[in-house]
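Trainee: To be precise about what I am sending: the file is called final.cif and holds mmCIF, C-alpha atoms.
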```cif
data_target
#
loop_
_atom_site.label_atom_id
_atom_site.label_comp_id
_atom_site.auth_asym_id
_atom_site.auth_seq_id
_atom_site.Cartn_x
_atom_site.Cartn_y
_atom_site.Cartn_z
CA MET A 26 153.35 -12.99 23.19
CA ASN A 27 154.22 -12.43 26.83
CA THR A 28 157.82 -11.87 27.85
CA ALA A 29 158.83 -13.70 31.02
CA ALA A 30 160.81 -11.66 33.53
CA THR A 31 164.04 -13.14 34.85
CA THR A 32 164.52 -12.89 38.61
CA GLY A 33 167.56 -15.10 39.07
CA LEU A 34 168.00 -18.14 41.26
CA ASP A 35 165.65 -17.10 44.07
CA LEU A 36 163.03 -19.80 44.70
CA ALA A 37 161.22 -18.01 47.54
CA GLY A 38 157.53 -18.85 47.53
CA LYS A 39 157.97 -21.87 45.25
CA VAL A 40 156.92 -25.39 46.18
CA ALA A 41 159.24 -28.14 44.93
CA VAL A 42 158.70 -31.89 44.87
CA VAL A 43 161.95 -33.87 44.72
CA THR A 44 161.71 -37.63 44.22
CA GLY A 45 164.44 -40.12 45.03
CA ALA A 46 165.88 -37.72 47.57
CA THR A 47 167.71 -40.23 49.76
CA LEU A 48 169.78 -43.39 49.39
CA ARG A 49 168.75 -45.56 52.32
CA GLN A 50 171.49 -45.33 54.91
CA LEU A 51 174.13 -44.17 52.46
CA GLY A 52 173.26 -40.49 52.56
CA VAL A 53 171.99 -38.22 49.82
CA GLY A 54 172.65 -38.32 46.11
CA ILE A 55 171.51 -35.96 43.37
CA GLY A 56 167.95 -35.68 44.68
CA GLY A 57 169.02 -35.02 48.26
CA ALA A 58 171.58 -32.42 47.22
CA THR A 59 168.91 -30.76 45.07
CA ALA A 60 166.39 -30.73 47.93
CA ARG A 61 168.94 -29.07 50.19
CA MET A 62 169.90 -26.52 47.55
CA MET A 63 166.34 -25.60 46.60
CA ALA A 64 165.41 -25.19 50.25
CA GLY A 65 168.49 -23.02 50.74
CA ARG A 66 167.20 -20.75 47.98
CA GLY A 67 163.81 -20.36 49.57
CA ALA A 68 161.67 -23.19 48.19
CA LYS A 69 159.34 -25.27 50.32
CA VAL A 70 160.42 -28.81 49.52
CA VAL A 71 158.54 -32.10 49.58
CA VAL A 72 161.21 -34.78 50.04
CA ALA A 73 159.89 -38.02 48.52
CA ASP A 74 161.56 -41.40 48.69
CA LEU A 75 160.84 -45.09 49.09
CA GLU A 76 162.80 -44.96 52.36
CA GLU A 77 160.44 -42.83 54.46
CA ASP A 78 162.67 -42.67 57.54
CA ALA A 79 165.60 -41.40 55.50
CA ALA A 80 163.35 -38.86 53.77
CA GLN A 81 162.12 -37.66 57.15
CA ALA A 82 165.70 -37.32 58.40
CA LEU A 83 166.58 -35.18 55.38
CA ALA A 84 163.49 -33.00 55.85
CA GLU A 85 164.45 -32.47 59.49
CA GLU A 86 168.01 -31.62 58.48
CA ILE A 87 166.69 -29.02 56.02
CA GLY A 88 164.47 -27.58 58.75
CA ALA A 89 167.37 -27.39 61.21
CA ALA A 90 169.35 -25.44 58.60
CA GLY A 91 166.57 -22.85 58.36
CA GLY A 92 164.70 -24.27 55.37
CA GLU A 93 161.22 -25.72 55.09
CA ALA A 94 160.57 -29.32 54.07
CA ILE A 95 158.27 -32.26 54.67
CA ALA A 96 158.81 -35.94 53.89
CA GLN A 97 156.56 -38.35 52.02
CA ARG A 98 157.05 -42.02 51.21
CA LEU A 99 156.97 -42.65 47.47
CA ASP A 100 156.83 -45.91 45.54
CA LEU A 101 157.11 -44.96 41.86
CA SER A 102 155.80 -48.37 40.82
CA ASP A 103 152.48 -47.59 42.54
CA PRO A 104 150.20 -45.00 40.88
CA GLY A 105 148.34 -44.56 44.17
CA SER A 106 151.57 -43.64 45.95
CA ILE A 107 152.37 -41.04 43.28
CA LYS A 108 148.89 -39.55 43.61
CA ALA A 109 149.26 -39.42 47.40
CA LEU A 110 152.56 -37.54 47.05
CA PHE A 111 150.95 -34.67 45.16
CA GLU A 112 147.93 -34.66 47.44
CA ARG A 113 150.32 -34.27 50.39
CA ALA A 114 152.14 -31.42 48.65
CA VAL A 115 148.88 -29.59 48.00
CA SER A 116 147.62 -30.25 51.51
CA ALA A 117 150.82 -28.90 53.08
CA TYR A 118 151.76 -26.08 50.72
CA GLY A 119 148.81 -25.44 48.42
CA THR A 120 150.34 -26.34 45.06
CA VAL A 121 153.44 -27.56 43.19
CA ASP A 122 155.65 -25.22 41.16
CA ILE A 123 158.69 -27.44 40.60
CA LEU A 124 159.11 -31.18 40.07
CA HIS A 125 162.48 -32.87 40.08
CA ASN A 126 161.87 -36.40 38.79
CA ASN A 127 164.94 -38.13 40.14
CA ALA A 128 163.98 -41.49 41.67
CA ALA A 129 165.09 -44.51 39.66
CA ALA A 130 165.50 -48.26 39.83
CA VAL A 131 168.76 -49.99 38.94
CA LEU A 132 168.46 -53.77 39.00
CA ALA A 133 171.38 -56.20 39.09
CA LYS A 134 169.63 -58.48 36.59
CA ASP A 135 169.63 -55.71 33.96
CA THR A 136 172.39 -57.17 31.80
CA THR A 137 172.76 -57.74 28.06
CA LEU A 138 169.90 -57.81 25.59
CA ILE A 139 169.82 -61.58 25.10
CA ASP A 140 170.22 -62.32 28.84
CA LEU A 141 167.60 -59.80 29.96
CA GLU A 142 164.49 -61.25 31.58
CA ILE A 143 161.27 -59.57 30.48
CA ASP A 144 160.07 -59.04 34.06
CA VAL A 145 163.22 -57.02 34.74
CA TRP A 146 162.53 -54.90 31.64
CA ASP A 147 158.92 -54.35 32.76
CA ALA A 148 159.88 -53.46 36.34
CA MET A 149 162.46 -50.94 35.13
CA PHE A 150 160.00 -49.25 32.78
CA ASP A 151 157.23 -49.22 35.41
CA ILE A 152 159.43 -47.21 37.78
CA ASN A 153 161.78 -45.26 35.54
CA VAL A 154 159.38 -44.29 32.76
CA ARG A 155 155.77 -44.80 33.81
CA GLY A 156 156.56 -43.38 37.24
CA TYR A 157 158.09 -40.24 35.73
CA ALA A 158 155.14 -39.85 33.36
CA LEU A 159 152.56 -40.18 36.14
CA ALA A 160 154.43 -37.75 38.40
CA SER A 161 154.65 -35.32 35.50
CA GLN A 162 150.92 -35.67 34.85
CA HIS A 163 150.07 -34.67 38.41
CA ALA A 164 152.57 -31.82 38.38
CA VAL A 165 151.45 -30.42 35.03
CA LYS A 166 147.80 -30.34 36.13
CA LEU A 167 148.75 -28.24 39.16
CA MET A 168 151.14 -26.05 37.19
CA LEU A 169 148.44 -25.27 34.63
CA GLN A 170 146.35 -23.87 37.48
CA ASN A 171 149.31 -21.72 38.58
CA GLY A 172 150.12 -20.32 35.16
CA GLY A 173 153.35 -22.27 34.83
CA GLY A 174 156.10 -24.27 36.48
CA ALA A 175 159.26 -26.24 35.84
CA ILE A 176 160.04 -29.95 35.59
CA VAL A 177 163.58 -31.29 35.59
CA ASN A 178 164.02 -34.99 34.83
CA THR A 179 167.12 -36.94 35.76
CA SER A 180 168.19 -38.90 32.70
CA SER A 181 171.69 -40.33 32.17
CA VAL A 182 174.58 -40.48 29.76
CA SER A 183 173.45 -44.10 29.45
CA ALA A 184 170.75 -42.75 27.15
CA LEU A 185 173.37 -41.20 24.87
CA GLY A 186 176.07 -43.85 24.66
CA GLY A 187 175.93 -47.64 24.75
CA ASP A 188 177.39 -49.97 27.35
CA ILE A 189 178.01 -53.71 27.62
CA THR A 190 175.34 -54.07 30.31
CA ARG A 191 172.21 -52.31 31.73
CA VAL A 192 170.31 -52.26 28.44
CA ALA A 193 166.94 -51.64 30.13
CA TYR A 194 168.31 -48.76 32.16
CA GLY A 195 169.69 -47.09 29.04
CA ALA A 196 166.41 -47.58 27.19
CA CYS A 197 164.48 -46.12 30.15
CA LYS A 198 166.65 -43.04 30.22
CA ALA A 199 166.24 -42.55 26.47
CA ALA A 200 162.47 -42.72 27.00
CA ILE A 201 162.79 -40.05 29.71
CA ASN A 202 164.54 -37.81 27.20
CA ALA A 203 161.57 -38.23 24.84
CA LEU A 204 159.11 -37.57 27.69
CA THR A 205 161.04 -34.39 28.44
CA ILE A 206 160.79 -32.90 24.97
CA TYR A 207 157.15 -33.92 24.55
CA THR A 208 156.22 -32.31 27.87
CA ALA A 209 158.08 -29.14 26.91
CA THR A 210 156.39 -29.06 23.50
CA GLN A 211 152.85 -29.70 24.69
CA TYR A 212 152.79 -27.29 27.64
CA GLY A 213 155.39 -24.64 26.90
CA ARG A 214 152.82 -22.08 25.76
CA GLN A 215 151.08 -22.53 29.11
CA GLY A 216 154.24 -21.51 30.95
CA ILE A 217 155.56 -24.97 31.82
CA ARG A 218 159.20 -25.70 31.10
CA CYS A 219 160.68 -29.20 31.05
CA ASN A 220 164.34 -30.14 30.75
CA ALA A 221 166.48 -33.17 31.53
CA VAL A 222 169.97 -33.55 32.92
CA CYS A 223 172.15 -36.48 31.91
CA PRO A 224 174.65 -37.13 34.69
CA GLY A 225 177.89 -38.88 34.02
CA PHE A 226 179.45 -40.83 36.85
CA THR A 227 178.59 -38.98 40.05
CA LEU A 228 180.44 -39.47 43.32
CA SER A 229 177.43 -40.21 45.48
CA ALA A 230 177.80 -42.55 48.43
CA SER A 231 176.10 -45.42 46.60
CA ALA A 232 178.17 -44.96 43.45
CA LYS A 233 181.46 -44.89 45.34
CA GLY A 234 180.47 -48.05 47.17
CA GLY A 235 179.75 -49.95 43.97
CA ILE A 236 182.72 -49.15 41.73
CA THR A 237 186.27 -50.47 41.62
CA ASP A 238 189.38 -48.32 41.79
CA ASN A 239 190.21 -49.41 38.25
CA ALA A 240 186.84 -48.22 36.96
CA LEU A 241 187.28 -44.90 38.75
CA GLU A 242 190.68 -44.50 37.12
CA ILE A 243 189.19 -45.14 33.68
CA LEU A 244 186.38 -42.65 34.27
CA GLY A 245 188.85 -40.05 35.50
CA ARG A 246 191.03 -40.60 32.45
CA HIS A 247 188.15 -39.94 30.07
CA THR A 248 186.57 -37.03 31.94
CA LEU A 249 187.78 -33.67 30.64
CA THR A 250 187.51 -31.86 33.96
CA PRO A 251 190.28 -32.59 36.48
CA TYR A 252 187.74 -34.12 38.88
CA LEU A 253 184.68 -36.36 38.81
CA GLY A 254 181.21 -35.00 39.47
CA THR A 255 179.46 -34.80 42.81
CA PRO A 256 175.75 -34.66 43.67
CA GLU A 257 176.23 -30.95 44.34
CA HIS A 258 177.45 -30.37 40.77
CA LEU A 259 174.21 -31.87 39.48
CA ALA A 260 172.09 -30.06 42.06
CA GLU A 261 173.44 -26.71 40.89
CA VAL A 262 172.29 -27.43 37.33
CA VAL A 263 168.90 -28.84 38.36
CA THR A 264 168.22 -25.88 40.64
CA PHE A 265 169.22 -23.44 37.91
CA LEU A 266 166.91 -25.13 35.39
CA ALA A 267 164.04 -24.98 37.88
CA SER A 268 164.64 -21.30 38.63
CA PRO A 269 163.49 -18.11 36.87
CA ALA A 270 167.09 -17.67 35.69
CA ALA A 271 166.41 -20.46 33.17
CA ALA A 272 163.13 -18.93 31.96
CA TYR A 273 164.14 -19.27 28.28
CA ILE A 274 165.43 -22.85 28.50
CA THR A 275 163.05 -25.73 27.80
CA GLY A 276 162.99 -29.00 25.91
CA GLN A 277 166.72 -29.49 26.43
CA ILE A 278 168.69 -32.63 27.24
CA ILE A 279 171.77 -31.38 29.06
CA SER A 280 174.78 -33.59 29.73
CA VAL A 281 176.42 -32.88 33.08
CA ASP A 282 179.29 -35.31 32.73
CA GLY A 283 182.56 -33.40 32.81
CA GLY A 284 182.86 -33.82 29.05
CA LEU A 285 182.82 -37.62 29.25
CA LEU A 286 180.93 -38.14 25.99
CA SER A 287 182.20 -35.11 24.11
CA HIS A 288 185.49 -36.42 22.71
CA HIS A 289 187.03 -39.26 20.72
CA PRO A 290 188.30 -42.37 22.56
CA GLN A 291 191.92 -41.63 21.68
CA THR A 292 191.81 -38.12 23.17
CA HIS A 293 193.30 -39.14 26.51
CA ASP A 294 196.46 -40.49 24.91
CA GLN A 295 196.76 -37.35 22.77
CA LEU A 296 196.37 -35.10 25.79
CA VAL A 297 199.02 -37.06 27.70
CA ALA A 298 201.39 -36.84 24.74
CA ALA A 299 200.82 -33.07 24.62
CA GLY A 300 201.63 -32.76 28.32
CA ALA A 301 198.09 -31.90 29.40
#
```
What is this file in structure tokens?
Mentor:
Amino acid sequence: MNTAATTGLDLAGKVAVVTGATLRQLGVGIGGATARMMAGRGAKVVVADLEEDAAQALAEEIGAAGGEAIAQRLDLSDPGSIKALFERAVSAYGTVDILHNNAAAVLAKDTTLIDLEIDVWDAMFDINVRGYALASQHAVKLMLQNGGGAIVNTSSVSALGGDITRVAYGACKAAINALTIYTATQYGRQGIRCNAVCPGFTLSASAKGGITDNALEILGRHTLTPYLGTPEHLAEVVTFLASPAAAYITGQIISVDGGLLSHHPQTHDQLVAAGA
């Protein structure tokens, strides 16, 4: 069996596709922070998003900072759009070495199980599961030609713990976890690694704009770190998992949530009583 050499976090010469890289006019989230970070470590980045103008702006920003990036519009509900993304990557850079599946749909009508409309369920799965699977198909085919590559899927703590709403979103993210381990299992011997990150609440522009102060206080109370996560916290983990430094990590579902799901509900009160 071959032994893979570890060369650290350097991504020079690698081509990375990052989906869901922008958030309309609200700035970047996890995908955008990852695109910036990968470009900063030498990767050529294809910035893909439904909002083409915002993706182009991010690609230009990366270029102005000394990196290399191009933008491509992506509609994950459209198989033709996904195919065009990878054709553009190959046309511009020759191949794909890294895929960060990050784009996702969150619909307001995704509520409780008995109130959920079936068209909402179908739309969520078309984008959040089928879209990831199709993107992974295209990436794996190219990576097999290269002798390997890395896929990092953005899942969620919603796949690991229940909530009183967003049942379709949680089910989609659980399906992404399964897709992750199946991809890792089926193509690991061909040099392709696949892992998933499960973010907790992340202080992206869109998240901050859609949450109340009371909810933020509750999240902060139950997060074990003395701060909530940022897109850059997630980007560091995604970039690491995509890099040669993570050569022996595959098939893993990694929570990046500040310890949100790792303790009992009463822990906060116990920590306060202990003076922590």
Trainee: At what distance in Å, to one decimal, does CA of Asp135 (chain A) lie from CA of Val43 (chain A)?
Mentor: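 So the two atoms, CA of Val43 (chain A) and CA of Asp135 (chain A), lie 25.5 Å apart.
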Trainee: Rounded to one decimal, what separation in Å do you get between CA of Val182 (chain A) and CA of Asp282 (chain A)?
Mentor: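 Answer for the CA of Val182 (chain A) to CA of Asp282 (chain A) separation: 7.6 Å.
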Trainee: Let me know the residues the PyMOL selection byres ((chain A and resi 270-275) around 10) catches in the file above, as a PyMOL selection string.
Mentor: chain A and resi 28-35+174-177+205-206+208-210+213+216-221+264-269+276-278
Trainee: Using all atoms listed in the file, pick whichever of A:Asp103, A:Ile55, A:Leu110, A:Phe226 has the shortest atom-to-atom distance to Glu242 (chain A).
Mentor: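 Looking at the shortest contact to Glu242 (chain A), the residue is A:Phe226.
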Trainee: Met63 (chain A): which residues within 10 Å, counting all atoms listed in the file, same-chain residues fewer than 4 positions away excluded, as a PyMOL selection string?
Mentor: chain A and resi 34-37+39-41+43+57-59+67-70+92-93+123+260-261+263-265+267-268
Trainee: Given the choices A:Asn178, A:Thr237, A:Thr292, A:Gln211, which gets closest to Ala129 (chain A) if the distance is worked out from all atoms listed in the file?
Mentor: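 When distances to Ala129 (chain A) are compared using all atoms listed in the file, the smallest one comes from A:Asn178.
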Trainee: Report, in Å to a single decimal, how far apart CA of Ser161 (chain A) and CA of Leu124 (chain A) are.
Mentor: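 Between these atoms lies a distance of 7.6 Å.
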Trainee: Between A:Gly105, A:Gly225, A:Gly245, A:Gly91, single out the one closest to Leu286 (chain A), counting all atoms listed in the file.
Mentor: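 Of all the options, A:Gly225 lies closest to Leu286 (chain A).
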Trainee: Can you build me a table of region 132-179 of chain A residues sitting at most 8 Å from region 94-101 of chain A, with the closest atom pair per residue and its distance in Å to one decimal, using all atoms listed in the file, sorted by chain and residue number, as CSV?
Mentor:
```
residue,atom,partner,partner_atom,distance
A:Asp151,CA,A:Leu101,CA,7.7
A:Ile152,CA,A:Leu101,CA,5.2
A:Asn153,CA,A:Leu101,CA,7.9
A:Gly156,CA,A:Leu101,CA,4.9
A:Tyr157,CA,A:Leu101,CA,7.8
```
Trainee: When distances are computed from all atoms listed in the file, which of A:Val42, A:Leu249, A:Val131, A:Ala164 shows the smallest separation from Gly195 (chain A)?
Mentor: A:Val131
Trainee: For a quick check of understanding, using all atoms listed in the file, which of A:Gly186, A:Pro104, A:Gly173, A:Gly284 has the smallest distance to Ala158 (chain A)?
Mentor: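 Among A:Gly186, A:Pro104, A:Gly173, A:Gly284, it is A:Pro104 that comes nearest to Ala158 (chain A).
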Trainee: Work out where the centre of an axis-aligned box around every listed atom of region 59-77 of chain A lies and how long its edges are once 3 Å is added on each side; give both in Å to one decimal as lines of an AutoDock Vina configuration file.
Mentor:
```
center_x = 164.2
center_y = -32.7
center_z = 49.8
size_x = 17.4
size_y = 30.7
size_z = 15.4
```
Trainee: Counting all atoms listed in the file, I want the residues whose atoms come within 9 Å of (166.5, -34.0, 56.1) in the file frame, returned as a PyMOL selection string.
Mentor: chain A and resi 47+57+60-61+72+79-89+94-96
Trainee: Run the PyMOL selection byres ((chain A and resi 285) around 12) against the file shown and list the residues it catches, as a count of residues only.
Mentor: 34
Trainee: Report as a list of chain:residue names the residues that result from applying the PyMOL selection byres ((chain A and resi 117) around 10) to the structure here.
Mentor: A:Val40, A:Lys69, A:Val71, A:Ala94, A:Ile95, A:Phe111, A:Glu112, A:Arg113, A:Ala114, A:Val115, A:Ser116, A:Tyr118, A:Gly119, A:Thr120
Trainee: Name all residues at most 8 Å from Ala128 (chain A) (count all atoms listed in the file; drop same-chain ones fewer than 3 positions away) and give them as a PyMOL selection string.
Mentor: chain A and resi 44-46+56+74+101+153
Trainee: Which residue out of A:Asp238, A:Ala109, A:Leu132, A:Arg66 has the minimum interatomic distance to Asp147 (chain A) when only C-alpha atoms are used?
Mentor: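 Of all the options, A:Leu132 lies closest to Asp147 (chain A).
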Trainee: Fix up region 117-139 of chain A with N, CA and C atoms, then write it as an mmCIF file, in the coordinates of the input.
Mentor:
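Output below, filename selection.cif:
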```cif
data_model
loop_
_atom_site.group_PDB
_atom_site.id
_atom_site.type_symbol
_atom_site.label_atom_id
_atom_site.label_comp_id
_atom_site.auth_asym_id
_atom_site.auth_seq_id
_atom_site.Cartn_x
_atom_site.Cartn_y
_atom_site.Cartn_z
ATOM 1 N N ALA A 117 149.852 -29.612 52.235
ATOM 2 C CA ALA A 117 150.820 -28.900 53.080
ATOM 3 C C ALA A 117 151.109 -27.497 52.581
ATOM 4 N N TYR A 118 151.247 -27.339 51.264
ATOM 5 C CA TYR A 118 151.760 -26.080 50.720
ATOM 6 C C TYR A 118 150.868 -25.423 49.665
ATOM 7 N N GLY A 119 149.772 -26.074 49.310
ATOM 8 C CA GLY A 119 148.810 -25.440 48.420
ATOM 9 C C GLY A 119 148.943 -25.756 46.946
ATOM 10 N N THR A 120 150.131 -26.109 46.496
ATOM 11 C CA THR A 120 150.340 -26.340 45.060
ATOM 12 C C THR A 120 151.701 -26.990 44.835
ATOM 13 N N VAL A 121 152.097 -27.124 43.576
ATOM 14 C CA VAL A 121 153.440 -27.560 43.190
ATOM 15 C C VAL A 121 153.905 -26.673 42.047
ATOM 16 N N ASP A 122 155.073 -26.076 42.197
ATOM 17 C CA ASP A 122 155.650 -25.220 41.160
ATOM 18 C C ASP A 122 156.809 -25.885 40.430
ATOM 19 N N ILE A 123 157.484 -26.812 41.135
ATOM 20 C CA ILE A 123 158.690 -27.440 40.600
ATOM 21 C C ILE A 123 158.610 -28.944 40.879
ATOM 22 N N LEU A 124 158.952 -29.734 39.877
ATOM 23 C CA LEU A 124 159.110 -31.180 40.070
ATOM 24 C C LEU A 124 160.482 -31.589 39.583
ATOM 25 N N HIS A 125 161.218 -32.228 40.484
ATOM 26 C CA HIS A 125 162.480 -32.870 40.080
ATOM 27 C C HIS A 125 162.258 -34.369 40.117
ATOM 28 N N ASN A 126 162.011 -34.952 38.937
ATOM 29 C CA ASN A 126 161.870 -36.400 38.790
ATOM 30 C C ASN A 126 163.259 -37.016 38.849
ATOM 31 N N ASN A 127 163.575 -37.633 39.969
ATOM 32 C CA ASN A 127 164.940 -38.130 40.140
ATOM 33 C C ASN A 127 165.011 -39.586 40.573
ATOM 34 N N ALA A 128 163.947 -40.104 41.200
ATOM 35 C CA ALA A 128 163.980 -41.490 41.670
ATOM 36 C C ALA A 128 164.164 -42.442 40.493
ATOM 37 N N ALA A 129 164.852 -43.544 40.740
ATOM 38 C CA ALA A 129 165.090 -44.510 39.660
ATOM 39 C C ALA A 129 165.400 -45.872 40.250
ATOM 40 N N ALA A 130 165.137 -46.897 39.452
ATOM 41 C CA ALA A 130 165.500 -48.260 39.830
ATOM 42 C C ALA A 130 166.676 -48.717 38.979
ATOM 43 N N VAL A 131 167.628 -49.353 39.623
ATOM 44 C CA VAL A 131 168.760 -49.990 38.940
ATOM 45 C C VAL A 131 168.813 -51.421 39.451
ATOM 46 N N LEU A 132 168.543 -52.383 38.581
ATOM 47 C CA LEU A 132 168.460 -53.770 39.000
ATOM 48 C C LEU A 132 169.678 -54.562 38.528
ATOM 49 N N ALA A 133 170.178 -55.417 39.403
ATOM 50 C CA ALA A 133 171.380 -56.200 39.090
ATOM 51 C C ALA A 133 171.169 -57.131 37.908
ATOM 52 N N LYS A 134 169.920 -57.556 37.691
ATOM 53 C CA LYS A 134 169.630 -58.480 36.590
ATOM 54 C C LYS A 134 169.485 -57.776 35.240
ATOM 55 N N ASP A 135 169.667 -56.466 35.212
ATOM 56 C CA ASP A 135 169.630 -55.710 33.960
ATOM 57 C C ASP A 135 170.990 -55.866 33.292
ATOM 58 N N THR A 136 171.084 -56.813 32.365
ATOM 59 C CA THR A 136 172.390 -57.170 31.800
ATOM 60 C C THR A 136 172.418 -56.898 30.303
ATOM 61 N N THR A 137 172.730 -57.894 29.521
ATOM 62 C CA THR A 137 172.760 -57.740 28.060
ATOM 63 C C THR A 137 171.382 -58.020 27.481
ATOM 64 N N LEU A 138 171.194 -57.655 26.230
ATOM 65 C CA LEU A 138 169.900 -57.810 25.590
ATOM 66 C C LEU A 138 169.421 -59.266 25.592
ATOM 67 N N ILE A 139 170.280 -60.203 25.221
ATOM 68 C CA ILE A 139 169.820 -61.580 25.100
ATOM 69 C C ILE A 139 169.674 -62.264 26.455
#
```
